[in-house]
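I have placed the structure first, in the form of structure tokens, so that the comments after it can refer back to it.
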Amino acid sequence: MTSQSVSGKTTLSSRLAKQIKVTKTKATTAKQELWDIEDLHSVAATTAPRYFSPVQTRKQRQVNTLPKSNLPAKKARQDEVSKTSKIKIGTATIIKCELVPPNETMLELKVEEAAAVKTEQDFPNANWLQHLENIRLMRCEKPAPVDTLGCHQCADQNANEKTQRFHKLVALMLSSQTKDETTFEAMKRLKAQTLTPASIQGMPAVELERLLHPVSFYKNKAKYLKQTSQILVDKYNEDIPDNIQELLKLPGVGPKMAHICMATAWNKITGIGVDTHVHRIANRLAWLKKSTKEPEQTRVQLESWLPRPLWSEVNHLLVGFGQTICTPVRPNCSECLNRHICPASASVLAKKK
């Protein structure tokens with residue numbers, strides 16, 4: 001599937017691709033050098049590569065950098081997509097936009113797969129793919145708080161896998177209606193006290209509330225954390241449930257948290273995590289067959305048409321976009337590459353008037 005707009009003109013991603021630098025190693029194989037978000041600490045600020053959401057996993061990049069003649073057959077490539085959609089989307093998979101050649105992106109493979117079972121009428125907005133490409137480019141140019149302070153960054157990397165899974169769940173429980181910066185700092189305070197289900201269970205409620213403040217609704221969240229920790233100790237040997245149904249039974253855990261937790265903690269894509277940013281942007285872009293009032297309604301509609309291999313990136317991609325450009329109040333439409341094809345943009349609304 002080619003990356004062309006409806007009018008037949010070359011897309012913004014194709015035009016801007018000339019500006020994207022691809023670093024190659026000295027080897028004659030022209031294999032690309034990989035940079036991830038953790039490399040930012042070891043590279044001078046002036047030379048540090050830009051990065052954004054987990055558009056591709058390491059395994060997907062290996063497929064993308066193969067010469068076309070070496071690419072596996074179509075069926076095998078589709079199988080590869082379904083496997084890689086379950087790979088970890090934490091720090092190890094947040095990548096540089098520069099490493100995605102416009103003519104061999106996983107997006108083309110994903111859309112090619114979707115096109116086999118869907119027609120244009122199945123999509124609520126014919127421009128959805130152009131929207132997505134543009135948002136990826138904007139996220140590449142403008143990093144967001146979620147990239148470095150999101151819940152997937154809150155786990156102690158030196159802890160064992162079971163403890164890291166618990167840290168990700170706790171961060172998600174604290175993140176509701178709370179800025180990433182506030183959640184990240186609260187997690188630092190908790191980890192300084194040793195953060196495990198047993199430690200939360202044995203901590204006085206007043207002390208836990210003190211550590212959580214100023215997280216939104218910190219008293220309620222402290223109560224939920226105590227209740228959840230008790231369940232994890234009694235039923236799961238201090239681990240977290242490995243399926244969506246049991247995660248949703250934990251006190252204070254909603255669908256958004258559960259789906260993101262399954263992706264970041266268990267590397268399983270069970271659904272789209274829809275928070276206030278995803279909910280708002282999906283409605284603004286008319287990615288829904290009818291407008292919604294609740295995030296859960298938005299999730300159901302998005303999952304009804306959005307190709308499943310794209311589910312893993314939607315939350316992280318749109319959250320960062322909502323933090324930087326498509327903000328809740330006074331969105332920066334003048335900076336948005338979708339300003340001429342977004343139903344809610346100031347320029348489009350002005351033309352209608």
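In the structure tokens, the first chain shown is A, the next is B, and so on; residue numbers restart at 1 for each chain, and ligands run from 1 in the order shown.
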- Message: Quick one: residues within 10 Å of A:Leu306, only C-alpha atoms, excluding same-chain residues fewer than 3 positions away - as JSON, numbers by chain?
- Response: {"A": [111, 114, 118, 122, 123, 124, 128, 272, 287, 301, 302, 303, 309, 310, 311, 314]}
Please save all heavy atoms of the selected residues as a short mmCIF file (atom, residue, chain, number, x, y, z; two decimals), in the first residue's frame.
```
data_model
loop_
_atom_site.label_atom_id
_atom_site.label_comp_id
_atom_site.auth_asym_id
_atom_site.auth_seq_id
_atom_site.Cartn_x
_atom_site.Cartn_y
_atom_site.Cartn_z
N VAL A 111 -1.33 -1.69 7.56
CA VAL A 111 -2.47 -1.24 6.77
C VAL A 111 -2.76 -2.23 5.64
O VAL A 111 -3.91 -2.49 5.29
CB VAL A 111 -2.21 0.17 6.19
CG1 VAL A 111 -3.35 0.58 5.27
CG2 VAL A 111 -2.08 1.16 7.33
N ALA A 114 -4.78 -4.84 7.15
CA ALA A 114 -6.13 -4.39 7.44
C ALA A 114 -6.97 -4.28 6.17
O ALA A 114 -8.16 -4.58 6.15
CB ALA A 114 -6.09 -3.03 8.15
N LYS A 118 -10.95 -5.04 5.31
CA LYS A 118 -11.77 -3.85 5.49
C LYS A 118 -11.81 -3.03 4.20
O LYS A 118 -10.87 -3.03 3.42
CB LYS A 118 -11.22 -2.96 6.63
CG LYS A 118 -11.39 -3.56 8.01
CD LYS A 118 -10.85 -2.61 9.05
CE LYS A 118 -10.97 -3.19 10.46
NZ LYS A 118 -12.35 -3.26 10.90
N ASP A 122 -15.49 1.12 5.95
CA ASP A 122 -15.41 0.62 7.32
C ASP A 122 -14.76 1.63 8.27
O ASP A 122 -14.88 1.50 9.48
CB ASP A 122 -14.61 -0.69 7.36
CG ASP A 122 -15.36 -1.83 6.69
OD1 ASP A 122 -16.58 -1.91 6.85
OD2 ASP A 122 -14.71 -2.62 5.99
N PHE A 123 -14.02 2.61 7.72
CA PHE A 123 -13.33 3.59 8.55
C PHE A 123 -14.20 4.83 8.72
O PHE A 123 -14.72 5.37 7.74
CB PHE A 123 -11.99 3.96 7.92
CG PHE A 123 -11.09 2.78 7.67
CD1 PHE A 123 -10.73 2.41 6.39
CD2 PHE A 123 -10.61 2.04 8.73
CE1 PHE A 123 -9.91 1.32 6.15
CE2 PHE A 123 -9.78 0.94 8.52
CZ PHE A 123 -9.44 0.58 7.23
N PRO A 124 -14.35 5.33 9.94
CA PRO A 124 -15.20 6.50 10.18
C PRO A 124 -14.70 7.77 9.50
O PRO A 124 -15.48 8.66 9.20
CB PRO A 124 -15.22 6.64 11.69
CG PRO A 124 -14.02 5.89 12.17
CD PRO A 124 -13.80 4.79 11.19
N TRP A 128 -7.98 9.03 8.23
CA TRP A 128 -7.39 8.55 9.49
C TRP A 128 -5.92 8.17 9.35
O TRP A 128 -5.12 8.43 10.26
CB TRP A 128 -8.19 7.36 10.03
CG TRP A 128 -7.97 6.07 9.30
CD1 TRP A 128 -8.61 5.61 8.20
CD2 TRP A 128 -7.00 5.07 9.64
NE1 TRP A 128 -8.12 4.39 7.82
CE2 TRP A 128 -7.13 4.02 8.70
CE3 TRP A 128 -6.03 4.94 10.65
CZ2 TRP A 128 -6.33 2.87 8.72
CZ3 TRP A 128 -5.24 3.79 10.68
CH2 TRP A 128 -5.40 2.77 9.72
N ILE A 272 -7.22 -1.29 23.66
CA ILE A 272 -6.65 0.06 23.58
C ILE A 272 -6.87 0.78 24.90
O ILE A 272 -8.00 0.83 25.40
CB ILE A 272 -7.30 0.86 22.43
CG1 ILE A 272 -7.06 0.16 21.10
CG2 ILE A 272 -6.76 2.29 22.39
CD1 ILE A 272 -7.81 0.80 19.94
N TRP A 287 -12.62 10.08 14.52
CA TRP A 287 -12.25 8.68 14.37
C TRP A 287 -13.36 7.77 14.88
O TRP A 287 -13.17 6.56 14.97
CB TRP A 287 -10.96 8.39 15.13
CG TRP A 287 -9.71 8.79 14.39
CD1 TRP A 287 -9.62 9.58 13.28
CD2 TRP A 287 -8.38 8.39 14.71
NE1 TRP A 287 -8.32 9.71 12.89
CE2 TRP A 287 -7.52 8.99 13.74
CE3 TRP A 287 -7.81 7.61 15.71
CZ2 TRP A 287 -6.14 8.83 13.76
CZ3 TRP A 287 -6.43 7.43 15.72
CH2 TRP A 287 -5.61 8.04 14.75
N GLN A 301 -15.52 1.82 20.25
CA GLN A 301 -15.62 2.22 18.85
C GLN A 301 -14.27 2.11 18.13
O GLN A 301 -14.21 1.66 16.99
CB GLN A 301 -16.16 3.65 18.75
CG GLN A 301 -17.65 3.78 19.01
CD GLN A 301 -18.22 5.01 18.33
OE1 GLN A 301 -17.94 5.31 17.17
NE2 GLN A 301 -19.03 5.75 19.08
N LEU A 302 -13.20 2.54 18.78
CA LEU A 302 -11.88 2.45 18.15
C LEU A 302 -11.51 1.01 17.84
O LEU A 302 -11.00 0.69 16.76
CB LEU A 302 -10.82 3.08 19.05
CG LEU A 302 -10.76 4.60 19.13
CD1 LEU A 302 -9.71 5.04 20.14
CD2 LEU A 302 -10.47 5.22 17.77
N GLU A 303 -11.76 0.13 18.78
CA GLU A 303 -11.42 -1.27 18.59
C GLU A 303 -12.27 -1.94 17.52
O GLU A 303 -11.89 -2.99 16.98
CB GLU A 303 -11.54 -2.03 19.91
CG GLU A 303 -10.48 -1.65 20.93
CD GLU A 303 -10.61 -2.41 22.24
OE1 GLU A 303 -11.53 -3.27 22.35
OE2 GLU A 303 -9.82 -2.15 23.16
N PRO A 309 -3.03 -4.57 14.92
CA PRO A 309 -1.59 -4.34 15.12
C PRO A 309 -1.23 -2.92 15.53
O PRO A 309 -0.12 -2.67 15.99
CB PRO A 309 -0.98 -4.68 13.75
CG PRO A 309 -1.96 -5.63 13.13
CD PRO A 309 -3.30 -5.14 13.58
N LEU A 310 -2.17 -1.96 15.36
CA LEU A 310 -1.90 -0.57 15.75
C LEU A 310 -2.31 -0.28 17.19
O LEU A 310 -1.99 0.78 17.71
CB LEU A 310 -2.64 0.38 14.81
CG LEU A 310 -2.25 0.35 13.33
CD1 LEU A 310 -3.15 1.25 12.52
CD2 LEU A 310 -0.80 0.75 13.16
N TRP A 311 -3.01 -1.20 17.83
CA TRP A 311 -3.53 -0.93 19.16
C TRP A 311 -2.42 -0.61 20.17
O TRP A 311 -2.62 0.22 21.06
CB TRP A 311 -4.32 -2.14 19.67
CG TRP A 311 -5.63 -2.37 18.98
CD1 TRP A 311 -6.09 -1.74 17.85
CD2 TRP A 311 -6.64 -3.30 19.36
NE1 TRP A 311 -7.33 -2.23 17.49
CE2 TRP A 311 -7.69 -3.19 18.41
CE3 TRP A 311 -6.77 -4.23 20.39
CZ2 TRP A 311 -8.84 -3.97 18.48
CZ3 TRP A 311 -7.91 -5.00 20.45
CH2 TRP A 311 -8.94 -4.87 19.52
N VAL A 314 -1.40 3.30 20.12
CA VAL A 314 -2.37 4.40 20.09
C VAL A 314 -2.33 5.24 21.35
O VAL A 314 -2.30 6.47 21.31
CB VAL A 314 -3.79 3.85 19.85
CG1 VAL A 314 -4.84 4.94 20.08
CG2 VAL A 314 -3.92 3.31 18.43
#
```
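With only C-alpha atoms as the atoms that count, the residue of A:His316, A:Lys256, A:His213, A:Lys289 with the shortest distance to A:Arg139 is A:His316.
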- Query: Could you pull the residues within 12 Å of stretch 220-237 of chain A, counting only C-alpha atoms, minus those fewer than 3 positions along the same chain, as a PyMOL selection string?
  - Reply: chain A and resi 162-163+165-167+169-178+183+186+190+195-217+240-242+246-254
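We find atom CA of A:Asp239 and atom CA of A:Thr264 to be spaced 14.4 Å apart.
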- One decimal, Å: what's the distance from atom CA of A:Asp275 over to atom CA of A:Pro295, could you say?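 Atom-to-atom, atom CA of A:Asp275 to atom CA of A:Pro295, that is 6.2 Å.
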- Query: When you draw a straight line from atom CA of A:Ala286 to atom CA of A:Lys142, how long is it in Å?
  - Reply: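 A separation of 23.3 Å between them.
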- Task: Just the alpha helix (DSSP H) stuff from stretch 166-224 of chain A, please, per backbone DSSP, written as a count of residues only.
- Result: 44
- Query: If we count only C-alpha atoms, what is near A:Asp180 at a cut-off of 9 Å, once residues fewer than 2 positions away on the same chain are taken out, given as number ranges by chain?
  - Reply: A: 145-146, 149-151, 175, 178, 182-185
- Task: Find the residue from A:Val348, A:Leu132, A:Cys261, A:Val278 that sits nearest to A:Cys326; use only C-alpha atoms when measuring.
- Result: A:Val278
Mind checking which residues fall within 10 Å of A:Val300, counting only C-alpha atoms, ignoring those fewer than 6 positions away in the same chain, and posting them as a PDB file with all heavy atoms, in the first residue's frame?
```pdb
ATOM      1  N   GLY A 271      -6.285  -4.741  24.393  1.00  0.00           N
ATOM      2  CA  GLY A 271      -7.216  -3.675  24.039  1.00  0.00           C
ATOM      3  C   GLY A 271      -6.489  -2.348  24.000  1.00  0.00           C
ATOM      4  O   GLY A 271      -5.288  -2.260  24.264  1.00  0.00           O
ATOM      5  N   ILE A 272      -7.219  -1.287  23.658  1.00  0.00           N
ATOM      6  CA  ILE A 272      -6.652   0.057  23.578  1.00  0.00           C
ATOM      7  C   ILE A 272      -6.870   0.777  24.903  1.00  0.00           C
ATOM      8  O   ILE A 272      -7.999   0.830  25.402  1.00  0.00           O
ATOM      9  CB  ILE A 272      -7.303   0.862  22.434  1.00  0.00           C
ATOM     10  CG1 ILE A 272      -7.057   0.160  21.095  1.00  0.00           C
ATOM     11  CG2 ILE A 272      -6.758   2.287  22.394  1.00  0.00           C
ATOM     12  CD1 ILE A 272      -7.812   0.800  19.936  1.00  0.00           C
ATOM     13  N   VAL A 274      -7.639   3.840  26.706  1.00  0.00           N
ATOM     14  CA  VAL A 274      -8.221   5.136  26.356  1.00  0.00           C
ATOM     15  C   VAL A 274      -8.338   6.004  27.596  1.00  0.00           C
ATOM     16  O   VAL A 274      -9.147   5.738  28.485  1.00  0.00           O
ATOM     17  CB  VAL A 274      -9.603   4.973  25.689  1.00  0.00           C
ATOM     18  CG1 VAL A 274     -10.228   6.341  25.402  1.00  0.00           C
ATOM     19  CG2 VAL A 274      -9.475   4.172  24.399  1.00  0.00           C
ATOM     20  N   LEU A 288     -14.474   8.343  15.219  1.00  0.00           N
ATOM     21  CA  LEU A 288     -15.591   7.587  15.771  1.00  0.00           C
ATOM     22  C   LEU A 288     -16.811   7.761  14.879  1.00  0.00           C
ATOM     23  O   LEU A 288     -17.038   8.830  14.319  1.00  0.00           O
ATOM     24  CB  LEU A 288     -15.909   8.065  17.191  1.00  0.00           C
ATOM     25  CG  LEU A 288     -14.703   8.164  18.144  1.00  0.00           C
ATOM     26  CD1 LEU A 288     -15.112   8.825  19.441  1.00  0.00           C
ATOM     27  CD2 LEU A 288     -14.115   6.784  18.412  1.00  0.00           C
TER      28      LEU A 288
END
```
- Task: Counting only C-alpha atoms, figure out which residue out of A:Arg299, A:Arg284, A:Val319, A:Cys154 gets nearest to A:Ala346.
- Result: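 Counting only C-alpha atoms, the residue closest to A:Ala346 is A:Arg284.
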